[in-house]
Each structure stands twice: as structure tokens, then as C-alpha cells.
Amino acid sequence: MAKIIFLGTASSIPTKDRDNTAFVFIHKSQTFLIDCPGAIVHKLLKANVDFKKLQNVVITHEHPDHIYGIISLIHTQAGLNDRLNIFTNNRCKKIVESLRALFNLDRDKFPQIHYIDVFKKNPFYSKDGLRLSSIENKHMQGSFGVKFSSGKKSLFYTSDTSFSASMIEKAGKLNYLIHDCTGPSSSFSPGSKINLMHTDSKTLSEYLKDKPDTKLIPVHFLLLKKGEEKRIRAELKPLGKRCVFVKDFEVVRL
Ligand SMILES: [Zn+2]
Ligand SMILES: [Zn+2]
């Protein structure tokens with residue numbers, strides 16, 4: 001179906017080995033950057049993705065770890081790319097527009113920006129057998145996940161979200177689920193704020209236990225405390241090989 005290159009797998013706070021969550025989705029000649037944190041051009045170069053030809057960016061919400069690289073991408077593409085499609089919501093559109101004006105990046109030499117509202121038309125992208133649809137998640141106002149489908153294959157990236165079985169079920173039958181897995185259950189004490197915006201590894205493991213056809217790629221790790229990654233891996237262990245634990249710059253073929 002496609003190839004995914006992970007550019008980052010951490011939450012808003014990167015670690016030495018993991019940067020903010022973002023990935024490139026490549027299907028035949030169609031390339032999408034999904035979320036746009038900092039140092040994005042350097043990361044695209046490192047992943048052998050031609051940033052000059054990159055014309056499709058999806059921004060799932062306005063938290064800085066998902067949006068702040070867009071200004072650098074527009075700046076770097078000056079004179080090199082004439083069009084950039086940004087698939088997003090209205091709130092992110094407003095932020096990108098004000099940043100472009102602030103940095104004086106709305107002149108002719110920079111790419112023309114075309115905004116596609118992911119809630120106006122769903123699927124919001126459909127070409128050569130590939131469809132991208134938005135599914136509202138449980139994170140903040142207007143935030144969403146992205147479902148990719150081609151033929152019988154499908155993948156759902158939840159983006160940042162608290163756990164919701166009904167949200168995942170909206171995506172239908174899934175081959176792959178790239179899900180927020182911010183921490184182990186020990187970091188998600190009942191009533192804590194993190195529960196309202198993110199998901200823990202135990203909840204994911206339990207939910208996917210009886211879904212043998214779906215592979216999980218956990219992302220958006222917050223690894224502030226020592227041993228946190230170990231605890232996440234232990235909670236996901238029951239899924240066996242169905243859990244694909246990726247590093248930054250790892251490639252997954254779907
Ligand atoms: Zn985030
Ligand atoms: Zn967020």
C-alpha cells in the first residue's frame with residue numbers, strides 16, 4: 001500500500017534519541033508530511049525525502065510540537081516550490097496565516113499556500129486510489145486523526161488523543177493503528193490531566209488484545225522519568241509482534 005518514514009516519535013518534549021512525532025507517508029508518487037515539528041527540512045533530508053518537491057502537509061492540531069516547523073518549511077522552499085497544500089482545520093489555518101504575515105513569508109517567491117479544510121469534505125483527499133479522511137479525536141477543539149486507505153488496506157493515525165474506542169471504530173477495519181502512547185499506566189493516575197488528552201500503553205494493549213488483524217505502532221512517547229520506555233514496552237508485550245515499536249527514521253512498509 002505505502003511506505004512510512006517516522007521522523008519523530010516523542011511527545012512535545014523530545015529525548016536525545018526521539019524528536020516530536022511526525023512522519024512521511026508515501027503512496028506511489030504521492031507524498032504527505034503528517035504533522036510538522038521543528039528542524040523539519042533537516043529531518044526530511046535525513047530521510048531522503050526531497051523537501052523541494054514536498055507539496056502536501058497535514059497538520060492535526062495547533063500544539064507547537066505539531067505545527068511550528070511549517071514556517072521553516074515555507075521559508076526553505078522559497079524559489080524552489082510554487083505550491084504547498086496544507087490539510088488542516090480552521091484554527092491551524094489562522095495560526096499559519098498570522099505566522100506567514102509576521103515573518104513576511106507571504107510574498108511571491110514563497111510557495112502559494114492552499115488550505116484544505118479537513119472537515120468540509122471527507123475524504124479530504126482522494127487520488128489514484130488513495131483516500132485520506134479526518135476523524136475527530138479527543139484532544140482539543142478541532143483536533144483530528146487521519147485515516148489512510150487504499151484498496152482493502154487501511155491505516156489510522158490518531159494523533160494526540162485520550163483513548164476512545166468509538167473514535168477508533170469510526171475508522172473501520174484497520175491493518176495499522178498509529179496511536180498516541182504518551183506513557184505507561186503508572187503515569188496516568190485516575191483524575192490526572194494527562195488522561196484527558198493522551199493515552200497510556202496498558203489501555204492500548206487491552207483494547208487491541210482481541211483485534212488480531214490490527215498492528216499497533218505506538219508514538220508520542222513522554223519519557224521524562226527513568227525506566228518509562230521499559231514500562232511502556234512491558235505493557236505492550238501481550239500484543240507480541242503485532243506491536244511495532246519504531247525508532248526515529250525507521251521505515252515501515254504497509
Ligand atoms: Zn503532541
Ligand atoms: Zn497535542
# chains A, B, ... in the order shown; residues from 1 in each chain; ligands from 1
$ residues_near_ligand --ligand "ligand 1" --cutoff "6 Å" --atoms "only C-alpha atoms and all ligand atoms" --output "mmCIF file with C-alpha atoms, in the first residue's frame"
data_model
loop_
_atom_site.group_PDB
_atom_site.id
_atom_site.type_symbol
_atom_site.label_atom_id
_atom_site.label_comp_id
_atom_site.auth_asym_id
_atom_site.auth_seq_id
_atom_site.Cartn_x
_atom_site.Cartn_y
_atom_site.Cartn_z
ATOM 1 C CA SER A 11 5.700 13.927 22.668
ATOM 2 C CA SER A 12 6.129 17.704 22.993
ATOM 3 C CA ASP A 65 5.077 20.164 18.541
ATOM 4 C CA ASP A 160 -2.630 13.150 20.185
#
$ select_by_dssp --residues "segment 1-214 of chain A" --states "strand (DSSP E)" --output "VMD selection string"
chain A and resid 3 to 8 22 to 27 30 to 34 56 to 58 83 to 88 112 to 117 125 to 127 130 to 136 144 to 150 153 to 157 176 to 180
$ residues_near_ligand --ligand "ligand 2" --cutoff "9 Å" --atoms "only C-alpha atoms and all ligand atoms" --output "NGL selection string"
:A and (11-12 or 60-66 or 139-140 or 143 or 159-161 or 197-198)
$ closest_residue --among "A:Lys28, A:Ile86, A:Ala234, A:Phe188" --to "Lys127 of chain A" --atoms "only C-alpha atoms"
A:Lys28
$ atom_distance --atom1 "atom CA of Lys53 of chain A" --atom2 "atom CA of Asn81 of chain A"
6.5 Å
$ closest_residue --among "A:Ser150, A:Thr88, A:Ser201, A:Asn195" --to "His179 of chain A" --atoms "only C-alpha atoms"
A:Ser201
$ closest_residue --among "A:Ala78, A:Ala2, A:Leu44, A:Leu84" --to "Asp248 of chain A" --atoms "only C-alpha atoms"
A:Leu44
$ closest_residue --among "A:Ala10, A:Ile70, A:Leu33, A:Leu216" --to "Ile113 of chain A" --atoms "only C-alpha atoms"
A:Ile70
$ residues_around --residues "Lys121 of chain A" --least-positions-apart "6" --cutoff "12 Å" --atoms "only C-alpha atoms" --output "list in words"
Phe87, Thr88, Asn89, Arg131, Leu132, Ser133, Ser134 and Ile135 of chain A
$ write_last_selection --atoms "N, CA and C atoms" --output "CSV table (one decimal), in the first residue's frame"
chain,number,residue,atom,x,y,z
A,87,PHE,N,-3.5,20.6,4.7
A,87,PHE,CA,-4.7,19.9,5.0
A,87,PHE,C,-4.9,20.1,6.5
A,88,THR,N,-5.8,20.9,7.0
A,88,THR,CA,-5.9,21.1,8.4
A,88,THR,C,-7.3,21.7,8.8
A,89,ASN,N,-7.4,22.2,10.0
A,89,ASN,CA,-8.6,22.8,10.5
A,89,ASN,C,-8.5,24.3,10.4
A,131,ARG,N,-7.1,7.4,-0.4
A,131,ARG,CA,-8.0,8.3,0.3
A,131,ARG,C,-7.5,8.7,1.7
A,132,LEU,N,-7.6,10.0,2.0
A,132,LEU,CA,-7.3,10.4,3.4
A,132,LEU,C,-8.6,11.1,4.0
A,133,SER,N,-9.0,10.6,5.1
A,133,SER,CA,-10.2,11.2,5.8
A,133,SER,C,-9.8,11.6,7.2
A,134,SER,N,-10.5,12.6,7.7
A,134,SER,CA,-10.3,13.1,9.0
A,134,SER,C,-11.3,12.4,10.0
A,135,ILE,N,-10.9,12.1,11.2
A,135,ILE,CA,-11.8,11.6,12.2
A,135,ILE,C,-11.5,12.4,13.5
$ residues_around --residues "Leu7 of chain A" --least-positions-apart "2" --cutoff "6 Å" --atoms "only C-alpha atoms" --output "PyMOL selection string"
chain A and resi 22-23+248-249
$ atom_distance --atom1 "atom CA of Ile71 of chain A" --atom2 "atom CA of Cys36 of chain A"
9.4 Å
$ select_by_dssp --residues "segment 47-175 of chain A" --states "alpha helix (DSSP H)" --output "number ranges by chain"
A: 64-67, 70-76, 90-102, 165-170
$ closest_residue --among "A:Ile67, A:Leu223, A:Leu99, A:Ile168" --to "Arg18 of chain A" --atoms "only C-alpha atoms"
A:Leu223
$ residues_around --residues "Asn90 of chain A" --least-positions-apart "6" --cutoff "12 Å" --atoms "only C-alpha atoms" --output "ChimeraX atom specification"
/A:59-62,96-97,115-120,141-144
$ write_last_selection --atoms "N, CA and C atoms" --output "PDB file, in the first residue's frame"
ATOM      1  N   ILE A  59      -1.709  18.966   9.106  1.00  0.00           N
ATOM      2  CA  ILE A  59      -1.447  19.436  10.479  1.00  0.00           C
ATOM      3  C   ILE A  59      -2.673  19.091  11.321  1.00  0.00           C
ATOM      4  N   THR A  60      -2.479  18.186  12.296  1.00  0.00           N
ATOM      5  CA  THR A  60      -3.638  17.633  13.011  1.00  0.00           C
ATOM      6  C   THR A  60      -4.170  18.532  14.136  1.00  0.00           C
ATOM      7  N   HIS A  61      -3.336  19.431  14.640  1.00  0.00           N
ATOM      8  CA  HIS A  61      -3.807  20.405  15.633  1.00  0.00           C
ATOM      9  C   HIS A  61      -2.716  21.428  15.891  1.00  0.00           C
ATOM     10  N   GLU A  62      -3.071  22.427  16.695  1.00  0.00           N
ATOM     11  CA  GLU A  62      -2.197  23.600  16.786  1.00  0.00           C
ATOM     12  C   GLU A  62      -1.143  23.552  17.893  1.00  0.00           C
ATOM     13  N   VAL A  96      -1.130  29.625  10.936  1.00  0.00           N
ATOM     14  CA  VAL A  96      -0.126  29.635   9.854  1.00  0.00           C
ATOM     15  C   VAL A  96      -0.193  30.968   9.106  1.00  0.00           C
ATOM     16  N   GLU A  97      -1.411  31.454   8.882  1.00  0.00           N
ATOM     17  CA  GLU A  97      -1.551  32.741   8.178  1.00  0.00           C
ATOM     18  C   GLU A  97      -0.927  33.884   8.978  1.00  0.00           C
ATOM     19  N   TYR A 115      -5.129  25.974   1.414  1.00  0.00           N
ATOM     20  CA  TYR A 115      -5.639  25.303   2.610  1.00  0.00           C
ATOM     21  C   TYR A 115      -6.816  24.416   2.232  1.00  0.00           C
ATOM     22  N   ILE A 116      -6.796  23.205   2.743  1.00  0.00           N
ATOM     23  CA  ILE A 116      -7.934  22.303   2.532  1.00  0.00           C
ATOM     24  C   ILE A 116      -8.496  21.985   3.909  1.00  0.00           C
ATOM     25  N   ASP A 117      -9.738  22.394   4.133  1.00  0.00           N
ATOM     26  CA  ASP A 117     -10.395  22.165   5.428  1.00  0.00           C
ATOM     27  C   ASP A 117     -10.794  20.686   5.521  1.00  0.00           C
ATOM     28  N   VAL A 118     -10.187  19.968   6.462  1.00  0.00           N
ATOM     29  CA  VAL A 118     -10.389  18.513   6.530  1.00  0.00           C
ATOM     30  C   VAL A 118     -11.790  18.123   6.998  1.00  0.00           C
ATOM     31  N   PHE A 119     -12.546  19.106   7.493  1.00  0.00           N
ATOM     32  CA  PHE A 119     -13.899  18.786   7.947  1.00  0.00           C
ATOM     33  C   PHE A 119     -14.966  19.142   6.908  1.00  0.00           C
ATOM     34  N   LYS A 120     -14.569  19.907   5.915  1.00  0.00           N
ATOM     35  CA  LYS A 120     -15.555  20.348   4.919  1.00  0.00           C
ATOM     36  C   LYS A 120     -15.916  19.228   3.968  1.00  0.00           C
ATOM     37  N   GLN A 141     -10.080  21.250  20.894  1.00  0.00           N
ATOM     38  CA  GLN A 141     -11.078  21.681  19.917  1.00  0.00           C
ATOM     39  C   GLN A 141     -10.509  21.622  18.496  1.00  0.00           C
ATOM     40  N   GLY A 142     -11.206  20.925  17.618  1.00  0.00           N
ATOM     41  CA  GLY A 142     -10.808  20.878  16.208  1.00  0.00           C
ATOM     42  C   GLY A 142      -9.719  19.881  15.868  1.00  0.00           C
ATOM     43  N   SER A 143      -9.162  19.185  16.874  1.00  0.00           N
ATOM     44  CA  SER A 143      -8.077  18.241  16.569  1.00  0.00           C
ATOM     45  C   SER A 143      -8.648  16.981  15.914  1.00  0.00           C
ATOM     46  N   PHE A 144      -7.817  16.313  15.123  1.00  0.00           N
ATOM     47  CA  PHE A 144      -8.325  15.158  14.385  1.00  0.00           C
ATOM     48  C   PHE A 144      -7.220  14.136  14.120  1.00  0.00           C
TER      49      PHE A 144
END
$ residues_around --residues "Asn175 of chain A" --least-positions-apart "5" --cutoff "8 Å" --atoms "only C-alpha atoms" --output "PyMOL selection string"
chain A and resi 153-155+213-215
$ write_last_selection --atoms "C-alpha atoms" --output "mmCIF file, in the first residue's frame"
data_model
loop_
_atom_site.group_PDB
_atom_site.id
_atom_site.type_symbol
_atom_site.label_atom_id
_atom_site.label_comp_id
_atom_site.auth_asym_id
_atom_site.auth_seq_id
_atom_site.Cartn_x
_atom_site.Cartn_y
_atom_site.Cartn_z
ATOM 1 C CA LYS A 153 -5.660 -1.708 3.195
ATOM 2 C CA SER A 154 -6.127 0.942 5.832
ATOM 3 C CA LEU A 155 -4.225 2.798 8.486
ATOM 4 C CA ASP A 213 -5.799 -8.200 12.357
ATOM 5 C CA THR A 214 -4.580 -4.809 13.566
ATOM 6 C CA LYS A 215 -0.943 -3.923 14.123
#
$ residues_around --residues "Asp180 of chain A" --least-positions-apart "3" --cutoff "6 Å" --atoms "only C-alpha atoms" --output "number ranges by chain"
A: 160, 199, 219-220
